[in-house]
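Q: coords.csv (CSV, C-alpha atoms) pasted underneath:
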```
chain,number,residue,atom,x,y,z
A,1,MET,CA,261.1,89.7,246.0
A,2,TYR,CA,260.6,93.2,247.4
A,3,LEU,CA,261.4,96.3,245.5
A,4,ILE,CA,263.8,99.0,246.7
A,5,ASN,CA,263.1,102.7,246.7
A,6,TYR,CA,265.1,103.1,243.5
A,7,ASP,CA,262.8,100.7,241.7
A,8,PHE,CA,260.0,103.1,242.5
A,9,HIS,CA,262.1,105.9,240.9
A,10,ASP,CA,262.3,103.7,237.7
A,11,ILE,CA,258.5,103.3,237.8
A,12,TYR,CA,258.1,107.0,238.1
A,13,ALA,CA,260.4,107.5,235.0
A,14,LEU,CA,258.4,104.9,233.1
A,15,ILE,CA,255.1,106.6,233.7
A,16,VAL,CA,256.6,110.0,232.7
A,17,PHE,CA,257.8,108.4,229.5
A,18,PHE,CA,254.3,107.1,228.8
A,19,ARG,CA,252.8,110.5,229.6
A,20,ASN,CA,255.1,112.1,227.1
A,21,TYR,CA,254.9,109.3,224.5
A,22,PRO,CA,251.5,107.6,225.0
A,23,ASP,CA,251.7,105.9,221.6
A,24,ARG,CA,254.7,103.9,222.8
A,25,PHE,CA,252.6,102.2,225.5
A,26,LEU,CA,251.4,99.6,223.1
A,27,HIS,CA,255.0,98.5,222.5
A,28,TYR,CA,255.7,98.2,226.2
A,29,ILE,CA,252.5,96.4,227.3
A,30,PRO,CA,254.4,93.1,227.7
A,31,ALA,CA,256.9,94.8,229.9
A,32,VAL,CA,254.2,96.4,232.0
A,33,GLN,CA,252.5,93.0,232.3
A,34,LYS,CA,255.8,91.5,233.4
A,35,ILE,CA,256.2,94.3,236.0
A,36,VAL,CA,252.7,93.6,237.3
A,37,GLU,CA,253.5,89.9,237.6
A,38,TYR,CA,256.7,90.7,239.4
A,39,ILE,CA,254.9,93.1,241.8
A,40,GLU,CA,252.3,90.4,242.5
A,41,LYS,CA,255.1,88.0,243.6
A,42,THR,CA,256.8,90.4,246.0
A,43,ALA,CA,255.0,89.1,249.0
A,44,GLU,CA,256.2,85.6,248.4
A,45,SER,CA,259.9,86.2,249.2
A,46,ASN,CA,262.1,88.2,251.4
A,47,ALA,CA,264.9,88.1,248.8
A,48,LEU,CA,266.4,91.4,247.6
A,49,ASP,CA,267.6,92.2,244.1
A,50,TYR,CA,268.6,95.5,242.4
A,51,ASN,CA,267.4,97.0,239.2
A,52,ASN,CA,264.3,94.9,239.1
A,53,ILE,CA,262.2,97.2,237.1
A,54,ARG,CA,264.9,98.3,234.6
A,55,ASN,CA,266.0,94.7,234.0
A,56,ILE,CA,262.4,93.9,233.0
A,57,LEU,CA,262.2,97.0,230.8
A,58,LYS,CA,265.6,96.3,229.2
A,59,GLU,CA,264.2,93.2,227.6
A,60,TYR,CA,261.7,95.3,225.6
A,61,TYR,CA,263.7,98.5,225.2
A,62,ASP,CA,263.6,100.0,221.7
A,63,GLU,CA,266.8,102.0,220.9
A,64,ASN,CA,264.6,104.7,219.2
A,65,ASP,CA,263.1,105.5,222.7
A,66,LYS,CA,266.0,107.7,223.8
A,67,PHE,CA,264.0,109.0,226.7
A,68,LEU,CA,264.0,105.4,228.1
A,69,SER,CA,267.7,104.8,227.6
A,70,TRP,CA,268.3,104.8,231.3
A,71,VAL,CA,267.1,101.2,231.4
A,72,THR,CA,270.4,100.1,229.8
A,73,VAL,CA,272.4,101.3,232.8
A,74,GLU,CA,273.0,98.8,235.6
A,75,ASN,CA,272.9,100.9,238.8
A,76,GLN,CA,275.0,100.1,241.8
A,77,TYR,CA,273.4,101.6,244.8
A,78,THR,CA,275.6,102.5,247.8
A,79,ALA,CA,273.4,104.8,250.0
A,80,ASN,CA,269.9,105.4,251.1
A,81,ILE,CA,268.6,102.0,250.0
A,82,ARG,CA,265.3,101.2,251.5
A,83,ILE,CA,263.3,98.0,251.0
A,84,ILE,CA,259.6,98.6,250.5
A,85,LYS,CA,257.7,95.9,252.3
A,86,LYS,CA,254.3,97.4,252.9
A,87,GLU,CA,251.8,95.3,250.8
A,88,ALA,CA,249.4,98.3,250.4
A,89,VAL,CA,252.1,100.2,248.6
A,90,TYR,CA,252.3,97.4,246.0
A,91,ARG,CA,248.5,97.4,245.6
A,92,VAL,CA,248.6,101.0,244.6
A,93,LEU,CA,251.2,100.3,242.0
A,94,LEU,CA,249.3,97.4,240.7
A,95,LYS,CA,246.1,99.5,240.4
A,96,ILE,CA,248.0,102.2,238.5
A,97,MET,CA,249.5,99.7,236.1
A,98,CYS,CA,246.2,97.9,235.5
A,99,GLU,CA,244.4,101.2,234.9
A,100,MET,CA,247.1,102.2,232.3
A,101,THR,CA,246.7,98.8,230.6
A,102,GLU,CA,242.9,99.0,230.5
A,103,TYR,CA,242.6,102.6,229.2
A,104,TYR,CA,245.7,103.2,227.0
A,105,THR,CA,243.5,103.4,223.9
A,106,ASP,CA,241.7,106.4,225.2
A,107,LYS,CA,244.3,109.0,224.6
A,108,ASP,CA,242.8,111.8,226.8
A,109,ARG,CA,242.1,109.5,229.7
A,110,PHE,CA,245.6,107.8,229.4
A,111,TYR,CA,247.3,111.1,229.4
A,112,LEU,CA,245.4,112.4,232.4
A,113,LEU,CA,246.0,109.2,234.2
A,114,CYS,CA,249.8,109.3,233.6
A,115,ASP,CA,249.8,112.9,234.6
A,116,ALA,CA,247.9,112.3,237.8
A,117,VAL,CA,249.9,109.3,238.9
A,118,HIS,CA,253.5,109.8,237.7
A,119,ASN,CA,254.7,111.1,241.1
A,120,ILE,CA,252.9,108.5,243.2
A,121,PRO,CA,255.8,106.0,243.1
A,122,LEU,CA,258.1,108.6,244.5
A,123,VAL,CA,255.7,109.5,247.2
A,124,LEU,CA,255.2,105.8,248.1
A,125,ALA,CA,258.9,105.3,248.3
A,126,ASP,CA,259.7,108.4,250.3
A,127,ASP,CA,256.7,109.6,252.3
A,128,ALA,CA,255.6,107.8,255.5
A,129,LYS,CA,252.1,109.2,255.1
A,130,PRO,CA,251.3,109.4,251.4
A,131,LYS,CA,247.5,109.3,251.4
A,132,LYS,CA,246.8,113.0,251.4
A,133,ALA,CA,249.3,113.8,248.7
A,134,ILE,CA,248.1,110.9,246.5
A,135,ASN,CA,244.5,112.0,246.9
A,136,VAL,CA,245.4,115.5,245.8
A,137,MET,CA,247.3,114.1,242.8
A,138,VAL,CA,244.5,112.0,241.5
A,139,GLN,CA,241.7,114.4,242.2
A,140,GLN,CA,241.2,115.6,238.6
A,141,TYR,CA,241.4,112.0,237.2
A,142,ARG,CA,238.7,110.9,239.7
A,143,LYS,CA,236.5,113.9,238.9
A,144,LYS,CA,236.6,113.2,235.1
A,145,TYR,CA,236.9,109.4,234.9
A,146,SER,CA,236.7,107.3,238.0
A,147,ASN,CA,235.6,108.5,241.4
A,148,LEU,CA,236.7,105.4,243.1
A,149,PHE,CA,240.2,105.2,241.6
A,150,LEU,CA,242.8,104.2,244.3
A,151,LYS,CA,240.3,104.8,247.1
A,152,GLU,CA,240.3,101.2,248.3
A,153,GLU,CA,244.1,100.9,247.9
A,154,LEU,CA,244.7,104.1,249.9
A,155,ARG,CA,242.4,103.0,252.6
A,156,LEU,CA,244.8,100.1,253.3
A,157,LEU,CA,247.9,102.4,253.5
```
In structure tokens, how does this file's structure come out?

A:
Amino acid sequence: MYLINYDFHDIYALIVFFRNYPDRFLHYIPAVQKIVEYIEKTAESNALDYNNIRNILKEYYDENDKFLSWVTVENQYTANIRIIKKEAVYRVLLKIMCEMTEYYTDKDRFYLLCDAVHNIPLVLADDAKPKKAINVMVQQYRKKYSNLFLKEELRLL
């Protein structure tokens, strides 16, 4: 199933949560892995569902994480709904999620990663030509940790 633009807003909010509370990533690793699995399946079906990301997160939500309480709200979207079908967009999201999962134990790297990528889901959902903006966003992360981060994925956009 494809994601809609509002699912990308939820991914943005999730990354901001992890940037602010990096120690909570460990609790949500199963949720992130489930999101990755869901994104990997998007190309298999043309079906459309709402609240995909928040429904996955809801299963793992801890009431003590007040900043994530938005996952408990079932949104009803009535306007400006866009289905995101471009495969390259999903590759970027997958790369971000995999990088987070791989490096969450390195606090400095994890923070810089989340700081660099948190706006990328919004740009992917709303910008017809996101390459330049994303390259600027991840510039510091590339410089410090991984020069090739997202380069292949952005080439496909």

Q: I'd like the neighbourhood of A:Ile35 as a VMD selection string, where a residue qualifies if any of its atoms comes within 7 Å (using all atoms listed in the file), though same-chain residues fewer than 3 positions away should be ignored.

A: chain A and resid 31 to 32 38 to 39 53 56

Q: My list of candidates is A:Ile11, A:Trp70, A:Asn135, A:Arg19. Which is closest to A:Tyr104 when distances are computed with all atoms listed in the file?

A: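 Selected residue with least distance to A:Tyr104: A:Arg19.
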
Q: Ranking A:Asp62, A:Asn75, A:Ile15, A:Met97 by minimum distance to A:Glu37 and counting all atoms listed in the file, which one comes first?

A: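 Ranking A:Asp62, A:Asn75, A:Ile15, A:Met97 by distance to A:Glu37, first place goes to A:Met97.
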
Q: Looking at all atoms listed in the file, which of A:Asn51, A:Gln33, A:Asn80, A:Ser146 is the one that sits closest to A:Leu113?

A: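 For A:Leu113, the nearest of the given residues is A:Ser146.
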
Q: Contacts of A:Tyr141 at 9 Å or less, counting all atoms listed in the file, minus same-chain residues fewer than 4 places along, as a ChimeraX atom specification?

A: /A:109,112-113,115-116,137,145-147,149

Q: Pick the closest to A:Thr78 from A:Lys66, A:Tyr50, A:Val138, A:Leu150: which is it, counting all atoms listed in the file?

A: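 Answer, going by the shortest atom-to-atom distance: A:Tyr50.
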
Q: Using all atoms listed in the file, determine which residues lie at most 12 Å from A:Asp106, disregarding the query and same-chain residues fewer than 4 positions distant; provide the list as JSON, numbers by chain.

A: {"A": [22, 23, 25, 99, 100, 101, 102, 110, 111, 112, 113, 145]}

Q: For the residues in that selection, give me C-alpha atoms as a compact mmCIF listing (two decimals), keeping the file's coordinate frame.

A:
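That gives us part16.txt:
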```txt
# COMPACT_ATOMS: atom_id res chain seq x y z
CA PRO A 22 251.50 107.60 225.00
CA ASP A 23 251.70 105.90 221.60
CA PHE A 25 252.60 102.20 225.50
CA GLU A 99 244.40 101.20 234.90
CA MET A 100 247.10 102.20 232.30
CA THR A 101 246.70 98.80 230.60
CA GLU A 102 242.90 99.00 230.50
CA PHE A 110 245.60 107.80 229.40
CA TYR A 111 247.30 111.10 229.40
CA LEU A 112 245.40 112.40 232.40
CA LEU A 113 246.00 109.20 234.20
CA TYR A 145 236.90 109.40 234.90
```

Q: Enter the distance from atom CA of A:Leu124 to atom CA of A:Lys41, in Å, rounded to one decimal.

A: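 Those two atoms sit 18.4 Å apart.
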
Q: Write out as a list in words which residues come within 10 Å of A:Leu3 when counting all atoms listed in the file, dropping same-chain ones fewer than 2 positions away.

A: Met1, Asn5, Tyr6, Asp7, Phe8, Tyr38, Ile39, Thr42, Ala47, Leu48, Asp49, Tyr50, Asn51, Asn52, Ile53, Arg82, Ile83, Ile84, Lys85, Tyr90 and Ala125 of chain A
